[in-house]
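Note: the block below is data39.txt and it holds compact mmCIF, C-alpha atoms.
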```txt
# COMPACT_ATOMS: atom_id res chain seq x y z
CA MET A 1 6.15 -31.74 19.32
CA HIS A 2 6.02 -27.99 19.89
CA SER A 3 2.93 -27.98 17.72
CA GLY A 4 1.09 -25.05 16.20
CA ASN A 5 3.56 -22.40 17.16
CA SER A 6 5.14 -21.15 13.98
CA ILE A 7 4.12 -19.04 11.05
CA ILE A 8 6.17 -18.46 7.91
CA ILE A 9 5.34 -15.44 5.75
CA HIS A 10 7.44 -15.43 2.61
CA SER A 11 6.69 -15.46 -1.10
CA SER A 12 9.60 -17.80 -1.93
CA ALA A 13 8.68 -21.51 -1.94
CA ILE A 14 12.34 -22.40 -1.47
CA ILE A 15 12.55 -20.35 1.72
CA GLN A 16 9.15 -21.58 2.96
CA TYR A 17 10.06 -25.24 2.57
CA GLY A 18 13.68 -24.83 3.66
CA LEU A 19 12.72 -23.10 6.88
CA LYS A 20 9.85 -25.51 7.42
CA ASN A 21 12.27 -28.47 7.29
CA ILE A 22 14.71 -26.78 9.65
CA LEU A 23 11.86 -26.14 12.12
CA LEU A 24 10.47 -29.67 11.76
CA ALA A 25 13.96 -31.03 12.53
CA ARG A 26 13.66 -29.17 15.83
CA ASN A 27 10.14 -30.62 16.39
CA ILE A 28 8.42 -27.32 15.74
CA ALA A 29 5.26 -27.64 13.68
CA ILE A 30 4.16 -24.95 11.24
CA SER A 31 0.70 -23.52 11.76
CA VAL A 32 0.47 -21.23 8.78
CA LEU A 33 2.44 -20.75 5.55
CA CYS A 34 1.59 -17.49 3.77
CA ASN A 35 2.91 -15.80 0.65
CA THR A 36 1.90 -12.34 1.86
CA LEU A 37 0.90 -10.73 5.13
CA PRO A 38 -2.68 -11.74 6.05
CA GLU A 39 -5.38 -9.27 7.14
CA CYS A 40 -5.15 -7.41 10.46
CA GLU A 41 -8.10 -9.32 11.96
CA LEU A 42 -6.30 -12.62 11.45
CA ILE A 43 -2.98 -11.29 12.74
CA SER A 44 -4.62 -10.09 15.95
CA THR A 45 -5.61 -13.70 16.80
CA TRP A 46 -2.01 -14.98 16.76
CA LYS A 47 -0.75 -15.71 20.26
CA ASN A 48 2.57 -17.09 21.49
CA MET A 49 3.74 -17.77 17.94
CA LEU A 50 7.15 -17.75 16.33
CA ILE A 51 6.55 -15.61 13.26
CA PHE A 52 9.14 -15.77 10.49
CA ALA A 53 8.47 -12.96 8.01
CA ASP A 54 10.20 -11.50 4.98
CA THR A 55 11.83 -8.19 5.96
CA ARG A 56 10.08 -6.64 2.94
CA PHE A 57 6.94 -6.64 5.11
CA THR A 58 8.61 -4.31 7.66
CA ASN A 59 6.24 -1.40 7.03
CA GLU A 60 3.10 -3.53 7.27
CA LEU A 61 4.35 -5.47 10.31
CA LYS A 62 5.37 -2.28 12.12
CA LYS A 63 1.69 -1.31 12.24
CA GLN A 64 0.81 -4.64 13.87
CA ALA A 65 3.90 -4.81 16.11
CA ARG A 66 2.14 -3.67 19.29
CA VAL A 67 -0.65 -6.25 19.05
CA LEU A 68 1.77 -9.01 18.07
CA THR A 69 4.12 -8.27 20.97
CA ARG A 70 1.25 -7.92 23.45
CA ASN A 71 0.04 -11.39 22.40
CA GLY A 72 3.41 -12.92 23.25
CA ASN A 73 4.60 -13.45 19.67
CA THR A 74 8.24 -13.38 18.59
CA ILE A 75 8.81 -11.85 15.14
CA ILE A 76 11.90 -12.91 13.24
CA GLY A 77 12.82 -11.25 9.96
CA ILE A 78 14.13 -13.26 7.01
CA ASP A 79 16.69 -11.27 5.05
CA THR A 80 17.54 -12.53 1.59
CA THR A 81 19.65 -9.53 0.57
CA GLY A 82 22.50 -10.16 2.99
CA LEU A 83 22.50 -6.42 3.73
CA ILE A 84 20.36 -6.30 6.88
CA HIS A 85 22.22 -7.27 10.04
CA ASP A 86 20.10 -5.63 12.73
CA PRO A 87 16.41 -6.39 13.21
CA PRO A 88 14.24 -3.71 11.53
CA PRO A 89 11.58 -1.91 13.65
CA GLY A 90 8.89 -4.34 14.77
CA PHE A 91 11.17 -7.40 14.49
CA ASP A 92 12.81 -9.16 17.45
CA ASP A 93 15.66 -10.70 15.48
CA ILE A 94 16.90 -11.38 12.00
CA LEU A 95 17.82 -14.59 10.14
CA GLY A 96 20.16 -14.11 7.21
CA ILE A 97 20.09 -16.20 4.04
CA ASP A 98 23.78 -17.00 4.58
CA ASP A 99 23.46 -18.05 8.25
CA HIS A 100 24.97 -21.46 8.99
CA VAL A 101 22.41 -24.12 9.91
CA GLU A 102 23.87 -24.46 13.45
CA VAL A 103 23.46 -20.71 13.95
CA LEU A 104 19.83 -21.04 12.82
CA TYR A 105 19.24 -23.93 15.27
CA GLN A 106 20.79 -21.95 18.11
CA LYS A 107 18.66 -18.88 17.35
CA ILE A 108 15.49 -20.97 17.04
CA ASN A 109 16.18 -22.61 20.42
CA ASP A 110 16.51 -19.15 21.97
CA TYR A 111 13.18 -18.04 20.50
CA LEU A 112 11.50 -21.23 21.70
CA SER A 113 12.62 -20.71 25.29
CA LYS A 114 11.20 -17.16 25.12
CA VAL A 115 7.84 -18.35 23.77
CA SER A 116 7.63 -21.19 26.34
CA ALA A 117 8.24 -18.70 29.14
CA VAL A 118 5.34 -16.59 27.93
CA LYS A 119 3.17 -19.64 27.42
CA SER A 120 3.61 -20.88 30.98
CA ASP A 121 2.01 -17.63 32.21
CA ASN A 122 -1.00 -18.44 30.07
CA GLN A 123 -1.34 -22.03 31.30
CA LEU A 124 -4.61 -22.74 33.15
CA SER A 125 -4.32 -23.68 36.83
CA GLY A 126 -5.88 -26.91 38.10
CA ARG A 127 -8.90 -25.05 39.47
CA GLU A 128 -9.39 -23.14 36.22
CA THR A 129 -9.25 -26.37 34.22
CA GLU A 130 -11.85 -27.86 36.57
CA ILE A 131 -14.15 -24.86 36.07
CA LEU A 132 -13.60 -24.85 32.30
CA THR A 133 -14.66 -28.52 32.21
CA MET A 134 -17.84 -27.72 34.12
CA VAL A 135 -18.64 -24.77 31.84
CA ALA A 136 -18.22 -27.10 28.86
CA GLN A 137 -20.57 -29.59 30.53
CA GLY A 138 -23.22 -26.88 30.56
CA LEU A 139 -23.14 -25.89 34.24
CA ASN A 140 -23.86 -22.28 35.15
CA ASN A 141 -21.91 -20.20 37.69
CA LYS A 142 -24.29 -21.02 40.55
CA GLN A 143 -24.07 -24.76 39.89
CA ILE A 144 -20.28 -24.63 39.65
CA ALA A 145 -20.07 -22.67 42.94
CA GLY A 146 -22.30 -25.29 44.61
CA ARG A 147 -20.22 -28.23 43.37
CA LEU A 148 -16.88 -26.72 44.36
CA PHE A 149 -18.10 -25.14 47.65
CA ILE A 150 -16.89 -21.69 46.60
CA SER A 151 -18.71 -18.37 46.12
CA ILE A 152 -20.20 -17.31 42.80
CA HIS A 153 -17.86 -14.30 42.94
CA THR A 154 -14.85 -16.66 42.99
CA VAL A 155 -16.26 -18.64 40.04
CA ILE A 156 -16.66 -15.39 38.07
CA THR A 157 -13.05 -14.41 38.85
CA HIS A 158 -11.81 -17.81 37.66
CA ARG A 159 -13.88 -17.50 34.50
CA LYS A 160 -12.45 -14.05 33.77
CA ASN A 161 -8.95 -15.48 34.16
CA ILE A 162 -9.78 -18.40 31.84
CA THR A 163 -11.04 -15.99 29.16
CA TYR A 164 -7.98 -13.78 29.59
CA LYS A 165 -5.54 -16.68 29.36
CA LEU A 166 -7.19 -18.49 26.46
CA GLY A 167 -8.47 -15.45 24.58
CA ILE A 168 -11.83 -17.25 24.19
CA LYS A 169 -14.93 -15.34 25.28
CA SER A 170 -18.05 -17.36 24.44
CA ILE A 171 -19.37 -20.51 26.15
CA PRO A 172 -19.54 -22.45 22.83
CA GLY A 173 -15.92 -21.39 22.18
CA LEU A 174 -14.82 -22.62 25.64
CA THR A 175 -16.71 -25.88 25.04
CA LEU A 176 -14.96 -26.36 21.70
CA TYR A 177 -11.59 -25.69 23.36
CA ALA A 178 -12.38 -28.18 26.14
CA ALA A 179 -13.43 -30.83 23.58
CA LEU A 180 -10.24 -30.40 21.55
CA ASN A 181 -8.15 -30.69 24.70
CA ASN A 182 -9.96 -33.86 25.85
CA LEU A 183 -11.52 -32.22 28.91
CA VAL A 184 -14.99 -33.31 27.76
CA ASP A 185 -16.28 -35.93 25.35
CA PHE A 186 -16.48 -34.06 22.03
CA GLN A 187 -19.23 -36.30 20.67
CA ARG A 188 -21.66 -35.08 23.32
CA MET B 1 14.90 29.65 8.10
CA ILE B 2 15.74 26.35 6.36
CA LYS B 3 14.81 24.51 9.55
CA TYR B 4 11.35 26.12 9.61
CA THR B 5 10.81 25.38 5.90
CA ASN B 6 11.71 21.74 6.48
CA PHE B 7 9.41 21.59 9.48
CA ALA B 8 6.52 23.12 7.49
CA PHE B 9 7.17 20.70 4.63
CA LEU B 10 7.11 17.71 7.00
CA PHE B 11 3.94 18.98 8.66
CA VAL B 12 2.15 19.34 5.30
CA PHE B 13 3.46 15.95 4.18
CA HIS B 14 2.15 14.19 7.34
CA TYR B 15 -1.12 16.10 7.10
CA LEU B 16 -1.58 14.84 3.52
CA ILE B 17 -0.80 11.25 4.57
CA ILE B 18 -3.34 11.44 7.44
CA GLN B 19 -5.92 13.02 5.16
CA ASN B 20 -5.43 10.25 2.62
CA ALA B 21 -5.66 7.50 5.28
CA CYS B 22 -8.89 8.96 6.71
CA LYS B 23 -10.38 9.79 3.33
CA MET B 24 -14.09 9.27 3.21
CA ILE B 25 -15.87 7.87 0.21
CA THR B 26 -17.74 10.67 -1.56
CA GLU B 27 -20.28 10.81 -4.40
CA LYS B 28 -17.52 11.99 -6.75
CA ASP B 29 -15.38 8.86 -6.29
CA LYS B 30 -15.41 6.31 -9.06
CA LEU B 31 -17.17 3.15 -7.89
CA SER B 32 -14.50 0.99 -9.55
CA ASP B 33 -11.78 2.79 -7.50
CA VAL B 34 -13.72 2.20 -4.28
CA ILE B 35 -13.89 -1.54 -5.04
CA SER B 36 -10.21 -1.69 -6.06
CA LEU B 37 -9.15 -0.07 -2.78
CA ASN B 38 -11.27 -2.38 -0.64
CA ILE B 39 -12.39 -5.57 -2.35
CA ASN B 40 -14.42 -6.55 0.75
CA LEU B 41 -16.91 -3.85 -0.23
CA LEU B 42 -17.94 -5.83 -3.32
CA PRO B 43 -20.68 -7.89 -1.57
CA VAL B 44 -21.91 -4.71 0.16
CA ILE B 45 -22.14 -2.92 -3.19
CA GLN B 46 -24.00 -5.91 -4.58
CA ARG B 47 -26.53 -5.74 -1.71
CA LEU B 48 -26.96 -2.03 -2.39
CA GLY B 49 -27.97 -2.97 -5.95
CA LEU B 50 -25.10 -1.12 -7.60
CA ILE B 51 -23.39 -3.94 -9.47
CA SER B 52 -23.38 -3.68 -13.28
CA GLN B 53 -22.91 -0.57 -15.39
CA ILE B 54 -20.02 0.43 -13.10
CA GLY B 55 -17.60 1.33 -15.92
CA GLU B 56 -15.86 4.65 -15.32
CA ARG B 57 -18.86 6.09 -13.48
CA THR B 58 -18.81 7.92 -10.14
CA ILE B 59 -20.96 6.70 -7.25
CA GLN B 60 -23.39 9.54 -7.91
CA GLU B 61 -23.76 8.52 -11.57
CA VAL B 62 -24.30 4.82 -10.77
CA CYS B 63 -26.84 5.72 -8.05
CA SER B 64 -28.67 7.98 -10.46
CA ILE B 65 -28.82 5.27 -13.18
CA ARG B 66 -30.02 2.65 -10.69
CA GLY B 67 -32.39 5.04 -8.88
CA LYS B 68 -30.65 4.68 -5.51
CA ASN B 69 -30.51 7.10 -2.57
CA ILE B 70 -27.02 8.67 -2.61
CA LYS B 71 -26.88 9.63 1.10
CA PHE B 72 -27.90 6.15 2.14
CA THR B 73 -25.37 4.54 -0.23
CA LEU B 74 -22.50 6.71 1.06
CA GLY B 75 -23.53 6.09 4.68
CA ILE B 76 -23.38 2.33 4.17
CA LEU B 77 -20.14 2.34 2.14
CA ASN B 78 -18.30 4.55 4.64
CA THR B 79 -19.49 2.52 7.63
CA PHE B 80 -18.26 -0.72 6.05
CA SER B 81 -14.95 0.78 4.95
CA SER B 82 -14.01 2.49 8.21
CA ALA B 83 -14.58 1.16 11.72
CA ASP B 84 -14.41 4.72 13.13
CA TYR B 85 -17.03 6.19 10.84
CA PHE B 86 -20.63 6.43 11.83
CA PRO B 87 -23.33 7.91 9.60
CA GLU B 88 -25.78 10.56 10.71
CA PRO B 89 -28.97 8.66 11.63
CA GLU B 90 -31.05 11.06 9.49
CA ASP B 91 -28.99 10.06 6.41
CA LEU B 92 -30.18 6.49 6.74
CA ASP B 93 -33.76 6.01 5.63
CA LEU B 94 -35.24 3.32 7.89
CA LYS B 95 -37.07 1.45 5.14
CA LEU B 96 -33.93 1.33 2.99
CA LEU B 97 -31.94 0.20 6.01
CA ILE B 98 -34.38 -2.63 6.73
CA ASP B 99 -34.19 -3.69 3.09
CA PHE B 100 -30.37 -3.65 3.23
CA LEU B 101 -30.27 -5.60 6.51
CA THR B 102 -32.70 -8.20 5.12
CA LYS B 103 -30.51 -8.59 2.01
CA THR B 104 -27.49 -9.00 4.31
CA HIS B 105 -29.27 -11.84 6.14
CA GLU B 106 -29.99 -13.46 2.78
CA TYR B 107 -26.39 -13.01 1.65
CA HIS B 108 -25.11 -14.81 4.75
CA LYS B 109 -27.65 -17.62 4.36
CA GLN B 110 -27.10 -18.07 0.62
CA VAL B 111 -23.40 -17.28 0.22
CA THR B 112 -21.29 -17.03 3.37
CA ILE B 113 -22.64 -20.01 5.30
CA PRO B 114 -22.63 -22.47 2.35
CA CYS B 115 -19.07 -21.33 1.60
CA LEU B 116 -17.92 -22.04 5.18
CA THR B 117 -19.69 -25.42 5.43
CA GLY B 118 -18.42 -26.34 1.94
CA LEU B 119 -14.81 -25.71 2.96
CA ILE B 120 -15.22 -27.83 6.11
CA GLU B 121 -16.84 -30.63 4.06
CA GLN B 122 -14.00 -30.51 1.54
CA MET B 123 -11.42 -30.86 4.33
CA LYS B 124 -13.43 -33.60 6.04
CA ARG B 125 -13.43 -35.64 2.82
CA MET B 126 -9.63 -35.45 2.80
CA MET B 127 -9.24 -36.09 6.54
CA PRO B 128 -12.41 -37.87 7.74
CA ASN B 129 -11.02 -38.75 11.18
CA GLU B 130 -9.51 -35.37 12.02
CA LYS B 131 -10.93 -34.33 15.39
CA LEU B 132 -10.60 -30.60 14.74
CA LEU B 133 -12.78 -30.82 11.64
CA ILE B 134 -15.42 -32.98 13.35
CA VAL B 135 -15.83 -30.61 16.31
CA VAL B 136 -15.61 -27.47 14.17
CA ASP B 137 -18.31 -28.88 11.87
CA SER B 138 -20.59 -29.52 14.84
CA TYR B 139 -19.80 -26.05 16.32
CA LEU B 140 -20.54 -24.34 13.01
CA ASN B 141 -23.84 -26.19 12.56
CA GLN B 142 -25.00 -25.13 16.02
CA TYR B 143 -23.88 -21.57 15.30
CA ILE B 144 -25.82 -21.51 12.01
CA GLU B 145 -28.97 -22.76 13.77
CA LYS B 146 -28.68 -19.90 16.29
CA LEU B 147 -27.94 -17.36 13.58
CA VAL B 148 -30.96 -18.41 11.52
CA GLU B 149 -33.13 -18.27 14.65
CA HIS B 150 -31.77 -14.77 15.38
CA THR B 151 -32.31 -13.44 11.85
CA ASP B 152 -35.82 -14.94 11.75
CA PHE B 153 -36.59 -13.19 15.06
CA GLU B 154 -35.39 -9.88 13.61
CA GLU B 155 -37.29 -10.29 10.36
CA LYS B 156 -40.53 -11.36 12.04
CA GLU B 157 -40.47 -9.28 15.24
CA ILE B 158 -38.22 -6.25 14.76
CA PHE B 159 -38.23 -5.20 11.11
CA PRO B 160 -42.05 -5.08 10.75
CA LEU B 161 -42.13 -2.40 13.47
CA VAL B 162 -40.87 0.11 10.91
CA GLU B 163 -43.81 -0.69 8.62
CA LYS B 164 -46.20 -0.40 11.57
CA ARG B 165 -44.80 3.01 12.43
CA SER B 166 -45.25 4.22 8.88
CA ASP B 167 -48.88 3.12 9.08
CA GLY B 168 -49.32 5.03 12.35
CA GLN B 169 -49.66 1.87 14.45
CA LEU B 170 -47.67 1.61 17.66
CA PRO B 171 -46.12 -1.76 18.40
CA SER B 172 -47.78 -3.70 21.13
CA PRO B 173 -46.54 -5.65 22.98
CA ALA B 174 -43.05 -4.10 22.81
CA PRO B 175 -40.42 -6.49 21.38
CA ASN B 176 -37.57 -7.69 23.54
CA LEU B 177 -34.82 -5.36 22.35
CA LYS B 178 -32.44 -6.31 25.16
CA LYS B 179 -32.46 -9.86 23.81
CA LEU B 180 -31.29 -8.53 20.46
CA PHE B 181 -28.30 -6.68 21.97
CA LYS B 182 -27.15 -9.81 23.81
CA GLN B 183 -27.50 -12.00 20.74
CA HIS B 184 -25.31 -9.63 18.69
CA THR B 185 -22.44 -9.81 21.19
CA ASN B 186 -22.63 -13.63 21.23
CA VAL B 187 -22.76 -13.91 17.45
CA GLU B 188 -19.52 -11.92 17.02
CA ASN B 189 -17.63 -13.58 19.88
CA GLU B 190 -18.43 -17.08 18.71
CA ILE B 191 -16.93 -16.54 15.25
CA SER B 192 -13.87 -14.84 16.71
CA ASP B 193 -13.41 -17.77 19.15
CA LEU B 194 -13.79 -20.31 16.36
CA LYS B 195 -11.06 -18.59 14.37
CA THR B 196 -8.72 -18.47 17.37
CA ILE B 197 -9.25 -22.16 18.12
CA ILE B 198 -8.76 -23.29 14.50
CA ILE B 199 -5.49 -21.36 14.29
CA ARG B 200 -4.20 -23.01 17.47
CA HIS B 201 -5.15 -26.52 16.38
CA ILE B 202 -4.31 -26.59 12.67
CA PRO B 203 -3.53 -30.23 11.79
CA GLU B 204 -0.05 -30.83 10.50
CA TYR B 205 -0.93 -32.32 7.11
CA VAL B 206 -4.03 -30.34 6.21
CA ASP B 207 -4.38 -28.56 2.86
CA MET B 208 -3.11 -25.10 3.78
CA ASN B 209 -4.99 -23.43 0.95
CA LEU B 210 -8.29 -24.68 2.35
CA ILE B 211 -7.39 -23.62 5.89
CA HIS B 212 -6.33 -20.22 4.61
CA ASP B 213 -9.61 -19.87 2.69
CA LEU B 214 -11.59 -20.92 5.76
CA LEU B 215 -9.81 -18.43 8.06
CA HIS B 216 -10.15 -15.71 5.45
CA GLN B 217 -13.88 -16.38 5.10
CA LEU B 218 -14.30 -16.42 8.88
CA SER B 219 -12.46 -13.09 9.19
CA HIS B 220 -14.65 -11.58 6.49
CA PHE B 221 -17.80 -13.01 8.11
CA GLU B 222 -16.76 -11.66 11.53
CA LYS B 223 -16.21 -8.17 10.11
CA GLU B 224 -19.55 -8.29 8.25
CA GLN B 225 -21.34 -9.39 11.43
CA PHE B 226 -19.66 -6.62 13.40
CA ASP B 227 -20.74 -3.92 10.92
CA HIS B 228 -24.21 -5.41 10.60
CA ALA B 229 -24.64 -5.32 14.39
CA ARG B 230 -23.36 -1.70 14.46
CA PHE B 231 -26.23 -0.65 12.18
CA GLU B 232 -28.80 -2.52 14.20
CA ASP B 233 -27.54 -1.56 17.68
CA LYS B 234 -26.64 2.08 17.02
CA ILE B 235 -29.29 3.17 14.54
CA LEU B 236 -32.15 0.74 14.21
CA ILE B 237 -32.73 -0.11 17.87
CA PRO B 238 -32.49 3.48 19.25
CA LYS B 239 -35.04 4.56 16.63
CA LEU B 240 -37.33 1.67 17.52
CA ILE B 241 -37.01 2.33 21.25
CA ALA B 242 -38.16 5.88 20.55
CA LEU B 243 -41.30 4.41 18.95
CA ARG B 244 -42.30 2.20 21.83
CA PRO B 245 -45.51 3.05 23.70
CA ILE B 246 -44.89 4.77 27.05
```
Would you write the structure of this file as structure tokens?
Amino acid sequence: MHSGNSIIIHSSAIIQYGLKNILLARNIAISVLCNTLPECELISTWKNMLIFADTRFTNELKKQARVLTRNGNTIIGIDTTGLIHDPPPGFDDILGIDDHVEVLYQKINDYLSKVSAVKSDNQLSGRETEILTMVAQGLNNKQIAGRLFISIHTVITHRKNITYKLGIKSIPGLTLYAALNNLVDFQR
Amino acid sequence: MIKYTNFAFLFVFHYLIIQNACKMITEKDKLSDVISLNINLLPVIQRLGLISQIGERTIQEVCSIRGKNIKFTLGILNTFSSADYFPEPEDLDLKLLIDFLTKTHEYHKQVTIPCLTGLIEQMKRMMPNEKLLIVVDSYLNQYIEKLVEHTDFEEKEIFPLVEKRSDGQLPSPAPNLKKLFKQHTNVENEISDLKTIIIRHIPEYVDMNLIHDLLHQLSHFEKEQFDHARFEDKILIPKLIALRPI
């Protein structure tokens, strides 16, 4: 399951559920279903997502386009008028209401390969995972350096990379992430 | 000639748009318009003691009826409505600021935190074995403990310094202001991280309305914490440092 990677922003329930079923048939789970565009603070936390949005939100999305693109998101417009054939500014592609289901599947596969490529750059290395686990266990930089026979400077570099890749800055946040990804026992 | 006219028209048009976007809240604005334009200001206005008798009145009129300091009110409203704005320190009376910050602590303890824990509880009742909800619940409880400890520290150690100054007493020993700075950074980052993690791990069959409410509340809380810390770090602490015995 390509879980937690899609967001649908559309006021029409028919379009929301139709698109959701098409995505589920391709094993893509939906993270968020919205009727309107959420607040900027929330949008800035989206990373490596497939965002399907009504083209009526073009003006609002254009303002967020830089942040969304920088965070590895792919933004696909949903056109219900049948009049828009090229992606509006801020959108990467366009899905038309009259598109055949096979065309939709093909387009969605293309988007997925793009998102996966971005995601692999954000994947933690083995060493980073090891250090993240130790941070979640409550070890400080000096203790981690001692256990792994590396310098504190190297530990700090790894930790910076972990924060950059995961977008998580605090130690409790890293611990929560490690617990959810079974790197540590979450009941501890 | 036509070209220049068009250019001038476009220039004026853009200037007006920019002016409108950067418009500051002034004493002549209607309070109801300010709330309509930014509904997130409602709890701030409540903490300023300006709720009720809003009607068609301007901010100046409401302040006058309620006996509130207009410069202080505008300083707070503009800071909360624009991330780029920063009030002149002399516009913010320290005693009023302490009162406002204390009310903000109360608001988070009485309103924001129960709202967040209530939403998690509601979801847990529907999905008792969902790992995300169990760990988020535990994370939030630990966060609340730290937040309460932090606000208690401020209310017991930092805020009374203003009273002491007014009475001509110098604080001794000096409070640990560096500790306060560090705590503010952690408080903001932890909420932002929580939001990021929830978004990435949303369970497939969860009630989306509840998740949306939770993320919305977290976003609002994060913004409130950010603005609250701005007041304390940029105005309160520099003023207090200036008071410390040499």
Exercise. Would you mind reading off the distance between CA of His158 in chain A and CA of Ser192 in chain B, one decimal, in Å?
Key: 21.3 Å
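Using only C-alpha atoms, the nearest neighbour of Thr112 in chain B within the list B:Asp233, B:Glu224, B:Glu188, B:Asp193 is B:Glu224.
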Practice problem: Taking the point (-16.5, -23.4, 21.3) as given in the file, collect each protein or nucleic acid residue that comes within 9 Å of it, counting all atoms listed in the file, and present the set as JSON, numbers by chain. | Solution: {"A": [136, 168, 170, 171, 172, 173, 174, 175, 176, 177, 178, 179], "B": [135, 136, 139, 190, 193, 194, 197]}
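For the point (-21.3, -2.5, -3.0), the residues with an atom at a distance of at most 10 Å are Leu31, Val34, Ile35, Ile39, Asn40, Leu41, Leu42, Pro43, Val44, Ile45, Gln46, Arg47, Leu48, Gly49, Leu50, Ile51, Thr73, Ile76, Leu77 and Phe80 of chain B, counting all atoms listed in the file.
We find CA of Arg56 in chain A and CA of Ile7 in chain A to be spaced 16.0 Å apart.
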Practice problem: Find the residues around Glu128 in chain A up to 9 Å (only C-alpha atoms counted), leave out those fewer than 2 positions away in its own chain, and share them as number ranges by chain. | Solution: A: 124-126, 130-133, 158-159, 161-162
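You can rank B:Ile25, B:Cys115, B:Leu97, B:Ala83 by their closest distance to Thr58 in chain B using only C-alpha atoms, and at the top of that list sits B:Ile25.
A straight line drawn from CA of Arg127 in chain A to CA of His153 in chain A is 14.4 Å long.
Neighbouring residues of range 84-96 of chain A at 8 Å or closer, counting only C-alpha atoms and skipping chain neighbours under 2 positions away, are Thr55, Thr58, Leu61, Lys62, Ala65, Thr74, Ile75, Ile76, Gly77, Ile78, Asp79, Thr80, Thr81, Gly82, Asp98, Asp99 and Leu104 of chain A.
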Quiz item: Skipping near chain neighbours, those fewer than 4 positions away, what residues fall within 10 Å of range 143-145 of chain A using all atoms listed in the file, listed as a PyMOL selection string?
Solution: chain A and resi 130-132+134-135+138-139+149-156
Practice problem: Quick one: everything within 9 Å of Met24 in chain B, counting all atoms listed in the file, minus sequence neighbours fewer than 5 positions away in the same chain. Send it as a list in words. | Solution: Asn78, Ser81, Ser82 and Tyr85 of chain B
